[in-house]
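Presented below is the structure to which this report refers.
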Amino acid sequence: MLLGVVLSMIGIYRGMVQDALTVARSPQADIWVVESGSRGPFAESSRIPGDTRETIARLHGVSAAGALTFQSIETQHERENLRLYVLGYELDRLGGPREIVAGRAISRSHYEMVADQRSGLSLGDQVPMGRNLFTVVGLTENQVSSSGDPIVYLTLRDSQELQFELAPPAARREMARGSGVAGTDTVNAIVARVSPSMSPDGVAEAARQWKHLGAMTQAEQENILTRSVVERARKQIGLFTAILLAVSAVIIALIIYTMTMDKLREIATLKLIGASDRTIIGLIVQQALAMGVIGFVFGAVLITSIKDYFPRRVILQPTDGLALASVVLIVCILASALGVRLALKVDPGEALKG
Amino acid sequence: MGLDKSQPLVETRGVSKHFGEGDARVDALRDVSIEVYPGQVVGLLGPSGSGKTTLLNVIGCIVEPNAGWMSLDGEAVYDAGWLRTDLRRLRLEKIGFIFQFHNLLPFLSCVDNVAIVLNLAGQSKVEANRRAIELLEYLEVGHRKEAYPAQLSGGEAQRVAIARALANRPRIILADEPTAALDSERAGIVMDMLRKVAAEQDAAILAVTHDEKIYDRLDRIFHLRDGRLDADDHLKDAGVTR
């Protein structure tokens, strides 16, 4: 059971990394153009003018570009709080949902949305966001943000209104002050795809020539996400996993010790009839390994059966399973040391005692 | 079997063993000298604390004496403390043990309990199993070969234990109260089997016992008292040339 929890912790970490990368991989971009000096749009905020997309699209080597906005919102649906990660994109440009598993893509310029199944929304549901009501027209699968919130796709215009438009009282106040209402044509990032013959690094370098823009390749963006955004979670889970393994080792050691205590007479008999210390050690280590293997298999089967009920994605990779199995076997061998020490002290003459 | 019956299989000369030192010193054996010959079934008698079990442990290569000399099957085992012999090897190759409560390994079947001795001696599993089944049939418990110790009667379990003791064709069989847990009829059957083994394999059997019912099946009795050999009774002529 404990080994199952260890496996699930590793799976949760993998799921977290995968979720973090999902949103970055979704546009299938080669470069990300963001606000100068920012490592956005996921690690920190980034705001650039919406017309930057046209500038980037004209760069030599760029085959497609799209403007994107990202924001987390909390709304209500059927009297339940619903946290969503809103991704605004330009229709027919880079950044929209990669695959729609039910319904269709957004076809109208306003008030339609494509939501991930994990949001619990169904086709036709209407969700209030900002001052408008959005209708779910399509569903995606496993599209979540690094914090686990399901992604919903809106048109860029809708998402810009949602993120940047002032509420009417605030807008009236700004008008009264004579400063005018600020425009909303702002985006968080521009994604661009580069022609196969061109180097993304070169195009990113070209984009950086504008002083208000920063640019990074897809690999750099993914590195930021895994090394920065989920780094603390990785350490937390790593430490917790280490503690669980240590607890498992102690439990296995105690079980082996108790089982050895129960078999002192049998061990004495084996020694008396000529079993070598190596044979006795082998038996105890075998017992510990068998316990580890049974525990690991039970834990793996348990977690595989229930992983889909976890609130966040749990990804069980064969390599992680093998690595944990190896660690468990080493832990079992170390944990059997107490039992081995006890067994080696057994006097063969004990077998003759009544 | 063409063996020299005039040579003792077990011979001790002036063997002494004490536990503890100073005021806590207990002399378990004092200057004990015995000889046991091929084919003999010998009883080791004495009150509690007389040193019977210690002598059995010394002859069984479980504990080393503090003084004296001992040989098993012609091989010197202890010699005034300077001789270092691989006691585990001697136990495996030359000695078979029979216990009061059979001491069969509960997690192994009867055939595996017998075969394990041969496996430890390096025999293949197939060969060990063949020999184990042969022995179980010889001791008339072949039909119980797949049973586990918990499924056996006391007499059956003791016969399986004897089969285990005989598995490596030992020259010396040490038995600790082999009939104590059996009724008189089964005790007689077990002793007859031991006599048969001793006669057919030219083995020596040394049994610690309090069971008067089996005295008439012993060739010789050593009496121990306070760690000393008190008497050496020749009960029968076992055909031994002295």
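The chains in the structure tokens are called A, B, ... from first to last as shown; in each chain the residues are counted from 1, and the ligands are counted from 1 in the order shown.
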
Q. Which residues in segment 1-218 of chain B does DSSP call helix (DSSP H, G or I)? List them as a PyMOL selection string.
A. chain B and resi 22-24+52-59+87-94+110-120+125-138+142-144+149-151+154-166+184-201+212-217

Q: Residues of chain B no more than 7 Å from chain A, counting only C-alpha atoms: send them over as a list of chain:residue names.
A: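 The complete set of qualifying residues is B:Asn57, B:Ile62, B:Arg88, B:Arg89, B:Arg91, B:Leu92, B:Phe99, B:Asn103, B:Leu105, B:Val117, B:Leu120, B:Asp176.
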
Q) Expressed in Å to a single decimal, how great is the separation between atom CA of Leu139 of chain B and atom CA of Phe222 of chain B? A) 27.7 Å

Do a neighbour search on Leu2 of chain A at 8 Å with only C-alpha atoms, toss out local chain neighbours closer than 4 positions, and write the hits as an mmCIF file with C-alpha atoms, in the first residue's frame.
```
data_model
loop_
_atom_site.group_PDB
_atom_site.id
_atom_site.type_symbol
_atom_site.label_atom_id
_atom_site.label_comp_id
_atom_site.auth_asym_id
_atom_site.auth_seq_id
_atom_site.Cartn_x
_atom_site.Cartn_y
_atom_site.Cartn_z
ATOM 1 C CA VAL A 6 5.172 6.170 -3.468
ATOM 2 C CA LEU A 244 7.767 7.292 2.305
ATOM 3 C CA SER A 248 8.681 1.531 3.929
ATOM 4 C CA GLY A 299 0.792 -1.084 -4.948
#
```

**Q.** Contact residues around Glu134 of chain B with only C-alpha atoms at 12 Å, ignoring same-chain residues under 2 positions, as JSON, numbers by chain
**A.** {"B": [111, 114, 115, 127, 128, 129, 130, 131, 132, 136, 137, 138, 139, 140, 141, 142, 143, 145, 160, 163, 164, 166, 167]}

Next, write the just-selected residues to a file, as a short mmCIF file (atom, residue, chain, number, x, y, z; two decimals), in the first residue's frame, keeping C-alpha atoms as the atom set.
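What follows is the written file part-v9.cif:
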```cif
data_model
loop_
_atom_site.label_atom_id
_atom_site.label_comp_id
_atom_site.auth_asym_id
_atom_site.auth_seq_id
_atom_site.Cartn_x
_atom_site.Cartn_y
_atom_site.Cartn_z
CA VAL B 111 10.01 -34.79 0.55
CA VAL B 114 14.43 -34.62 3.49
CA ALA B 115 15.83 -33.30 0.22
CA GLU B 127 18.80 -36.43 -7.42
CA ALA B 128 17.93 -35.09 -3.96
CA ASN B 129 14.22 -35.70 -4.50
CA ARG B 130 14.85 -39.22 -5.77
CA ARG B 131 16.90 -40.09 -2.70
CA ALA B 132 14.35 -38.38 -0.39
CA LEU B 136 10.57 -42.03 2.90
CA GLU B 137 9.52 -45.33 1.33
CA TYR B 138 12.22 -47.18 3.28
CA LEU B 139 10.75 -45.73 6.48
CA GLU B 140 7.21 -46.53 5.30
CA VAL B 141 6.01 -42.94 4.97
CA GLY B 142 6.38 -42.70 1.19
CA HIS B 143 2.65 -42.21 0.82
CA LYS B 145 5.70 -37.43 0.76
CA VAL B 160 10.24 -38.25 8.27
CA ALA B 163 14.62 -39.96 6.88
CA ARG B 164 16.08 -36.46 6.98
CA LEU B 166 19.69 -40.45 7.05
CA ALA B 167 19.60 -38.40 3.86
#
```

Q: Enter the distance from atom CA of Leu229 of chain B to atom CA of Leu194 of chain B, in Å, rounded to one decimal.
A: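 Separation between atom CA of Leu229 of chain B and atom CA of Leu194 of chain B: 24.2 Å.
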
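Residue neighbourhood of Ser71 of chain B, excluding near-sequence residues (fewer than 6 positions): Pro8, Leu9, Val10, Glu11, Thr12, Arg13, Glu35, Ile59, Val77, Tyr78 and Asp79 of chain B, at 10 Å, using only C-alpha atoms.
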
Q: Record the distance separating atom CA of Gln76 of chain A and atom CA of Ser145 of chain A, expressed in Å with one decimal.
A: 18.8 Å

Q: Within 7 Å of Ala335 of chain A, counting only C-alpha atoms, which residues show up once you throw out same-chain ones fewer than 2 positions away? Write them as a PyMOL selection string, please.
A: chain A and resi 249-250+252-253+331-333+337-338

Given the selection you just returned, output its residues as a file containing C-alpha atoms, formatted as a PDB file, in the first residue's frame.
```pdb
ATOM      1  CA  ALA A 249      12.246   0.414   4.702  1.00  0.00           C
ATOM      2  CA  VAL A 250      11.608   0.599   8.454  1.00  0.00           C
ATOM      3  CA  ILE A 252       9.939  -4.021   5.938  1.00  0.00           C
ATOM      4  CA  ALA A 253      12.876  -4.270   8.367  1.00  0.00           C
ATOM      5  CA  VAL A 331      15.649  -1.031   0.282  1.00  0.00           C
ATOM      6  CA  CYS A 332      14.498  -4.616   0.940  1.00  0.00           C
ATOM      7  CA  ILE A 333      18.071  -5.903   0.913  1.00  0.00           C
ATOM      8  CA  ALA A 337      20.077  -6.605   7.564  1.00  0.00           C
ATOM      9  CA  LEU A 338      18.408  -6.642  11.005  1.00  0.00           C
TER      10      LEU A 338
END
```

Q: Might you pull out every residue within 8 Å of segment 100-102 of chain B, with only C-alpha atoms counted and same-chain residues fewer than 5 positions away left off, and present them as a ChimeraX atom specification?
A: /A:352,354 /B:157-158,161,175-181

Output file for the selection above: C-alpha atoms, as a PDB file, in the first residue's frame:
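The resulting out-v1.pdb:
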```
ATOM      1  CA  LEU A 352      18.108 -29.482  20.457  1.00  0.00           C
ATOM      2  CA  GLY A 354      12.872 -28.793  24.066  1.00  0.00           C
TER       3      GLY A 354
ATOM      4  CA  ALA B 157       6.664 -36.929  11.615  1.00  0.00           C
ATOM      5  CA  GLN B 158       9.384 -38.717  13.558  1.00  0.00           C
ATOM      6  CA  ALA B 161      12.755 -36.724  10.699  1.00  0.00           C
ATOM      7  CA  ALA B 175      19.121 -38.449  18.707  1.00  0.00           C
ATOM      8  CA  ASP B 176      17.747 -36.239  21.435  1.00  0.00           C
ATOM      9  CA  GLU B 177      14.851 -38.002  23.185  1.00  0.00           C
ATOM     10  CA  PRO B 178      13.700 -39.541  19.873  1.00  0.00           C
ATOM     11  CA  THR B 179      10.762 -41.369  21.447  1.00  0.00           C
ATOM     12  CA  ALA B 180       9.678 -38.942  24.161  1.00  0.00           C
ATOM     13  CA  ALA B 181       6.745 -37.633  22.153  1.00  0.00           C
TER      14      ALA B 181
END
```
